[in-house]
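Participant: Next up is a structure, given as structure tokens.
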Amino acid sequence: MNTKSIFFALLALAVPVFADEPIKKDEASKTNAVEAPRWPALKTEKEKVSYAIGFDMAGFHMAHRDELDKERMIQGFRDAFDAKKPIMEYDEAKELMEKFEKEMNALEKKTTELEGVKNRRIGAKFLEENQKKEGVKVTASGLQYKVIKEGTGATPVATDRVRFHYVVKGIEGNLLDDSHRLPKPIGSHVRSLMKGWQEGLQLMKEGAVYEFYIAPELAYGEQGAGRNIKANETLVTELELVGIEK
């Protein structure tokens, strides 16, 4: 939901689309005489879903929290929820929301571009040094890898469907994702994966564990992936080829 639709919901529908952060102890006196308990207070399904919706909508604005006044946002939420008349005119509010959205989109784009340039530079330096390390091999595409454990089974091709586990880290060792938290290995066609994994899996035999060092052009490039993998980020990933589904 974009910022315009949030405002329209507040103004016209009077439904809860924003919730404050959980009340901190030093803030309780501003809102309630007695500090409200957090999770134990959520007993009914109605209470839980109400809190979840509010928390989710507030999270939508976290990236812009420094540009927003939290107390005024809470006031707008309460006025809408209590069906009160807004303290500003609709046309003015609409114009402000559209202007704010454009400014934030431009800021996010510029920030992403600068972050991408920085990540590419840092990643290139990492790969340059990493390829000199013992046991690291480099393919024609520039994919770097190290054998952790050799397998003894078959080697997949691009059209095969495989089962595998993965661990994804940044070049500083920060964990980005880990499939071992799931009840069973990931299943996917090789050709559906990012380029670095497509190539890497076709170097492996069933049962093998390899570590891959993947430049952004073989990973997620300028777009990144989700919240964790940033623009032009170089990845360190461990793959375990569990099996090939014929």
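Just so we're on the same page: first chain in the structure tokens is A, next is B, and so on; residues restart at 1 for each chain, and ligands are numbered from 1 in the order they show up.
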Can you pull out the residues contacting stretch 187-199 of chain A? Cut-off 8 Å, using only C-alpha atoms, and skip same-chain residues under 3 positions away; I want them as a VMD selection string.
Facilitator: chain A and resid 143 156 to 164 202 to 203 212 214 218 to 220
Participant: Taking only C-alpha atoms into account, produce a table as a tab-separated table in which each residue of stretch 60-172 of chain A with an atom at most 10 Å from an atom of stretch 229-241 of chain A appears once, together with its shortest atom pair and the distance in Å to one decimal, ordered by chain and rising number.
Facilitator:
```
residue	atom	partner	partner_atom	distance
A:Thr112	CA	A:Ala231	CA	6.6
A:Glu113	CA	A:Ala231	CA	7.7
A:Leu114	CA	A:Ala231	CA	9.2
A:Glu115	CA	A:Ala231	CA	6.7
A:Gly116	CA	A:Ala231	CA	4.7
A:Val117	CA	A:Asn232	CA	7.4
A:Lys118	CA	A:Asn232	CA	8.4
A:Asn119	CA	A:Glu233	CA	5.4
A:Arg120	CA	A:Asn232	CA	5.4
A:Arg121	CA	A:Asn232	CA	9.1
A:Ile122	CA	A:Thr234	CA	8.4
A:Gly123	CA	A:Thr234	CA	5.2
A:Ala124	CA	A:Thr234	CA	8.0
A:Phe126	CA	A:Thr234	CA	8.5
A:Leu127	CA	A:Thr234	CA	8.5
A:Gln144	CA	A:Val236	CA	9.6
A:Tyr145	CA	A:Thr237	CA	9.3
A:Lys146	CA	A:Glu238	CA	9.4
A:Val147	CA	A:Glu238	CA	9.8
A:Ile148	CA	A:Glu238	CA	8.9
A:Lys149	CA	A:Glu240	CA	8.9
A:Glu150	CA	A:Glu240	CA	10.0
A:Gly151	CA	A:Leu241	CA	8.3
A:Gly153	CA	A:Leu241	CA	9.6
A:Thr155	CA	A:Leu241	CA	9.3
A:Pro156	CA	A:Leu241	CA	9.4
A:Val162	CA	A:Leu241	CA	7.4
A:Arg163	CA	A:Leu241	CA	6.4
A:Phe164	CA	A:Leu241	CA	4.6
A:His165	CA	A:Glu240	CA	5.1
A:Tyr166	CA	A:Leu239	CA	4.6
A:Val167	CA	A:Glu238	CA	5.1
A:Val168	CA	A:Thr237	CA	4.4
A:Lys169	CA	A:Val236	CA	5.1
A:Gly170	CA	A:Leu235	CA	5.2
A:Ile171	CA	A:Val236	CA	6.1
A:Glu172	CA	A:Val236	CA	9.1
```
Participant: Using N, CA and C atoms, can you write the selected residues to a file as an mmCIF file, in the first residue's frame?
Facilitator:
```
data_model
loop_
_atom_site.group_PDB
_atom_site.id
_atom_site.type_symbol
_atom_site.label_atom_id
_atom_site.label_comp_id
_atom_site.auth_asym_id
_atom_site.auth_seq_id
_atom_site.Cartn_x
_atom_site.Cartn_y
_atom_site.Cartn_z
ATOM 1 N N THR A 112 20.008 3.906 -3.064
ATOM 2 C CA THR A 112 20.283 2.581 -3.627
ATOM 3 C C THR A 112 21.420 2.638 -4.636
ATOM 4 N N GLU A 113 21.428 3.673 -5.469
ATOM 5 C CA GLU A 113 22.481 3.809 -6.466
ATOM 6 C C GLU A 113 23.840 3.994 -5.807
ATOM 7 N N LEU A 114 23.912 4.855 -4.795
ATOM 8 C CA LEU A 114 25.174 5.088 -4.092
ATOM 9 C C LEU A 114 25.624 3.832 -3.363
ATOM 10 N N GLU A 115 24.664 3.139 -2.761
ATOM 11 C CA GLU A 115 24.977 1.905 -2.056
ATOM 12 C C GLU A 115 25.492 0.848 -3.029
ATOM 13 N N GLY A 116 24.888 0.796 -4.229
ATOM 14 C CA GLY A 116 25.314 -0.168 -5.230
ATOM 15 C C GLY A 116 26.736 0.067 -5.698
ATOM 16 N N VAL A 117 27.097 1.329 -5.911
ATOM 17 C CA VAL A 117 28.468 1.668 -6.320
ATOM 18 C C VAL A 117 29.457 1.245 -5.239
ATOM 19 N N LYS A 118 29.130 1.535 -3.998
ATOM 20 C CA LYS A 118 29.998 1.171 -2.883
ATOM 21 C C LYS A 118 30.133 -0.339 -2.763
ATOM 22 N N ASN A 119 29.006 -1.054 -2.851
ATOM 23 C CA ASN A 119 29.039 -2.512 -2.710
ATOM 24 C C ASN A 119 29.844 -3.178 -3.824
ATOM 25 N N ARG A 120 29.715 -2.657 -5.043
ATOM 26 C CA ARG A 120 30.468 -3.228 -6.166
ATOM 27 C C ARG A 120 31.974 -3.046 -5.957
ATOM 28 N N ARG A 121 32.365 -1.888 -5.501
ATOM 29 C CA ARG A 121 33.785 -1.609 -5.266
ATOM 30 C C ARG A 121 34.348 -2.516 -4.163
ATOM 31 N N ILE A 122 33.621 -2.626 -3.075
ATOM 32 C CA ILE A 122 34.071 -3.459 -1.958
ATOM 33 C C ILE A 122 34.105 -4.931 -2.364
ATOM 34 N N GLY A 123 33.072 -5.363 -3.111
ATOM 35 C CA GLY A 123 33.010 -6.753 -3.551
ATOM 36 C C GLY A 123 34.132 -7.115 -4.505
ATOM 37 N N ALA A 124 34.462 -6.207 -5.422
ATOM 38 C CA ALA A 124 35.539 -6.472 -6.379
ATOM 39 C C ALA A 124 36.875 -6.641 -5.660
ATOM 40 N N PHE A 126 37.252 -7.650 -2.582
ATOM 41 C CA PHE A 126 37.179 -8.932 -1.863
ATOM 42 C C PHE A 126 37.506 -10.095 -2.801
ATOM 43 N N LEU A 127 36.892 -10.123 -3.977
ATOM 44 C CA LEU A 127 37.102 -11.219 -4.917
ATOM 45 C C LEU A 127 38.537 -11.260 -5.433
ATOM 46 N N GLN A 144 33.907 -17.886 -8.372
ATOM 47 C CA GLN A 144 34.928 -18.484 -7.516
ATOM 48 C C GLN A 144 34.287 -19.538 -6.624
ATOM 49 N N TYR A 145 35.015 -20.618 -6.394
ATOM 50 C CA TYR A 145 34.467 -21.656 -5.529
ATOM 51 C C TYR A 145 35.568 -22.441 -4.839
ATOM 52 N N LYS A 146 35.154 -23.096 -3.764
ATOM 53 C CA LYS A 146 36.056 -23.927 -2.978
ATOM 54 C C LYS A 146 35.318 -25.192 -2.595
ATOM 55 N N VAL A 147 35.954 -26.322 -2.766
ATOM 56 C CA VAL A 147 35.335 -27.602 -2.428
ATOM 57 C C VAL A 147 35.458 -27.844 -0.928
ATOM 58 N N ILE A 148 34.329 -27.975 -0.276
ATOM 59 C CA ILE A 148 34.310 -28.313 1.144
ATOM 60 C C ILE A 148 34.236 -29.834 1.316
ATOM 61 N N LYS A 149 33.403 -30.429 0.474
ATOM 62 C CA LYS A 149 33.232 -31.887 0.494
ATOM 63 C C LYS A 149 32.847 -32.336 -0.907
ATOM 64 N N GLU A 150 33.557 -33.326 -1.430
ATOM 65 C CA GLU A 150 33.219 -33.849 -2.746
ATOM 66 C C GLU A 150 32.066 -34.838 -2.648
ATOM 67 N N GLY A 151 31.260 -34.888 -3.700
ATOM 68 C CA GLY A 151 30.160 -35.841 -3.745
ATOM 69 C C GLY A 151 30.536 -37.073 -4.541
ATOM 70 N N GLY A 153 27.754 -38.843 -6.298
ATOM 71 C CA GLY A 153 26.619 -39.162 -7.156
ATOM 72 C C GLY A 153 26.726 -38.514 -8.523
ATOM 73 N N THR A 155 25.962 -35.610 -11.567
ATOM 74 C CA THR A 155 26.076 -34.157 -11.705
ATOM 75 C C THR A 155 24.864 -33.635 -12.479
ATOM 76 N N PRO A 156 24.179 -32.620 -11.970
ATOM 77 C CA PRO A 156 22.974 -32.122 -12.656
ATOM 78 C C PRO A 156 23.306 -31.284 -13.884
ATOM 79 N N VAL A 162 16.649 -30.118 -8.773
ATOM 80 C CA VAL A 162 17.538 -30.586 -7.710
ATOM 81 C C VAL A 162 16.968 -30.258 -6.337
ATOM 82 N N ARG A 163 17.481 -30.956 -5.342
ATOM 83 C CA ARG A 163 17.196 -30.663 -3.940
ATOM 84 C C ARG A 163 18.515 -30.245 -3.299
ATOM 85 N N PHE A 164 18.484 -29.136 -2.603
ATOM 86 C CA PHE A 164 19.736 -28.627 -2.047
ATOM 87 C C PHE A 164 19.492 -27.789 -0.800
ATOM 88 N N HIS A 165 20.539 -27.639 -0.021
ATOM 89 C CA HIS A 165 20.541 -26.714 1.110
ATOM 90 C C HIS A 165 21.510 -25.586 0.793
ATOM 91 N N TYR A 166 21.261 -24.430 1.372
ATOM 92 C CA TYR A 166 22.161 -23.304 1.149
ATOM 93 C C TYR A 166 22.328 -22.478 2.414
ATOM 94 N N VAL A 167 23.447 -21.779 2.472
ATOM 95 C CA VAL A 167 23.700 -20.740 3.470
ATOM 96 C C VAL A 167 24.223 -19.538 2.686
ATOM 97 N N VAL A 168 23.638 -18.373 2.891
ATOM 98 C CA VAL A 168 24.050 -17.168 2.185
ATOM 99 C C VAL A 168 24.570 -16.149 3.196
ATOM 100 N N LYS A 169 25.775 -15.653 2.928
ATOM 101 C CA LYS A 169 26.387 -14.647 3.793
ATOM 102 C C LYS A 169 26.908 -13.483 2.959
ATOM 103 N N GLY A 170 27.116 -12.351 3.629
ATOM 104 C CA GLY A 170 27.806 -11.228 3.010
ATOM 105 C C GLY A 170 29.303 -11.461 3.111
ATOM 106 N N ILE A 171 30.089 -10.639 2.468
ATOM 107 C CA ILE A 171 31.533 -10.852 2.471
ATOM 108 C C ILE A 171 32.167 -10.603 3.840
ATOM 109 N N GLU A 172 31.423 -9.967 4.740
ATOM 110 C CA GLU A 172 31.922 -9.750 6.099
ATOM 111 C C GLU A 172 31.494 -10.871 7.039
#
```
Participant: I'd like a table as CSV: residues in stretch 90-179 of chain A with an atom no more than 12 Å from stretch 45-65 of chain A, each row giving the shortest atom pair and its distance in Å to one decimal, only C-alpha atoms counted, sorted by chain and rising residue number.
Facilitator:
```
residue,atom,partner,partner_atom,distance
A:Phe100,CA,A:His64,CA,10.2
A:Glu101,CA,A:His64,CA,10.3
A:Glu103,CA,A:His64,CA,10.8
A:Met104,CA,A:His64,CA,7.7
A:Asn105,CA,A:His64,CA,10.6
A:Leu107,CA,A:His64,CA,10.2
A:Glu108,CA,A:Ala63,CA,9.2
A:Thr111,CA,A:Ala63,CA,11.8
```
Participant: For A:Glu128, which residue out of A:Ala106, A:Ala215, A:Ile244, A:Ala93 is the nearest one, using only C-alpha atoms?
Facilitator: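 With only C-alpha atoms as the atom set, the closest residue is A:Ala215.
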Participant: Using the chain letters and numbers from this document, which residues of stretch 73-165 of chain A does DSSP assign to strand (DSSP E or B), as a list in words?
Facilitator: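 Here is the list: Val136, Lys137, Val138, Gln144, Tyr145, Lys146, Val147, Ile148, Lys149, Arg161, Val162, Arg163, Phe164 and His165 of chain A.
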Participant: Output N, CA and C atoms for every residue in the selection just made, as a PDB file, in the first residue's frame.
Facilitator:
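Final file, selection15.pdb:
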```pdb
ATOM      1  N   VAL A 136      40.886 -22.075  -3.651  1.00  0.00           N
ATOM      2  CA  VAL A 136      39.869 -21.338  -4.393  1.00  0.00           C
ATOM      3  C   VAL A 136      40.136 -21.451  -5.898  1.00  0.00           C
ATOM      4  N   LYS A 137      39.108 -21.844  -6.642  1.00  0.00           N
ATOM      5  CA  LYS A 137      39.200 -21.964  -8.094  1.00  0.00           C
ATOM      6  C   LYS A 137      38.300 -20.912  -8.742  1.00  0.00           C
ATOM      7  N   VAL A 138      38.621 -20.552  -9.977  1.00  0.00           N
ATOM      8  CA  VAL A 138      37.865 -19.521 -10.686  1.00  0.00           C
ATOM      9  C   VAL A 138      37.465 -20.053 -12.063  1.00  0.00           C
ATOM     10  N   GLN A 144      33.907 -17.886  -8.372  1.00  0.00           N
ATOM     11  CA  GLN A 144      34.928 -18.484  -7.516  1.00  0.00           C
ATOM     12  C   GLN A 144      34.287 -19.538  -6.624  1.00  0.00           C
ATOM     13  N   TYR A 145      35.015 -20.618  -6.394  1.00  0.00           N
ATOM     14  CA  TYR A 145      34.467 -21.656  -5.529  1.00  0.00           C
ATOM     15  C   TYR A 145      35.568 -22.441  -4.839  1.00  0.00           C
ATOM     16  N   LYS A 146      35.154 -23.096  -3.764  1.00  0.00           N
ATOM     17  CA  LYS A 146      36.056 -23.927  -2.978  1.00  0.00           C
ATOM     18  C   LYS A 146      35.318 -25.192  -2.595  1.00  0.00           C
ATOM     19  N   VAL A 147      35.954 -26.322  -2.766  1.00  0.00           N
ATOM     20  CA  VAL A 147      35.335 -27.602  -2.428  1.00  0.00           C
ATOM     21  C   VAL A 147      35.458 -27.844  -0.928  1.00  0.00           C
ATOM     22  N   ILE A 148      34.329 -27.975  -0.276  1.00  0.00           N
ATOM     23  CA  ILE A 148      34.310 -28.313   1.144  1.00  0.00           C
ATOM     24  C   ILE A 148      34.236 -29.834   1.316  1.00  0.00           C
ATOM     25  N   LYS A 149      33.403 -30.429   0.474  1.00  0.00           N
ATOM     26  CA  LYS A 149      33.232 -31.887   0.494  1.00  0.00           C
ATOM     27  C   LYS A 149      32.847 -32.336  -0.907  1.00  0.00           C
ATOM     28  N   ARG A 161      15.866 -30.917 -12.047  1.00  0.00           N
ATOM     29  CA  ARG A 161      15.342 -30.375 -10.799  1.00  0.00           C
ATOM     30  C   ARG A 161      16.167 -30.976  -9.668  1.00  0.00           C
ATOM     31  N   VAL A 162      16.649 -30.118  -8.773  1.00  0.00           N
ATOM     32  CA  VAL A 162      17.538 -30.586  -7.710  1.00  0.00           C
ATOM     33  C   VAL A 162      16.968 -30.258  -6.337  1.00  0.00           C
ATOM     34  N   ARG A 163      17.481 -30.956  -5.342  1.00  0.00           N
ATOM     35  CA  ARG A 163      17.196 -30.663  -3.940  1.00  0.00           C
ATOM     36  C   ARG A 163      18.515 -30.245  -3.299  1.00  0.00           C
ATOM     37  N   PHE A 164      18.484 -29.136  -2.603  1.00  0.00           N
ATOM     38  CA  PHE A 164      19.736 -28.627  -2.047  1.00  0.00           C
ATOM     39  C   PHE A 164      19.492 -27.789  -0.800  1.00  0.00           C
ATOM     40  N   HIS A 165      20.539 -27.639  -0.021  1.00  0.00           N
ATOM     41  CA  HIS A 165      20.541 -26.714   1.110  1.00  0.00           C
ATOM     42  C   HIS A 165      21.510 -25.586   0.793  1.00  0.00           C
TER      43      HIS A 165
END
```
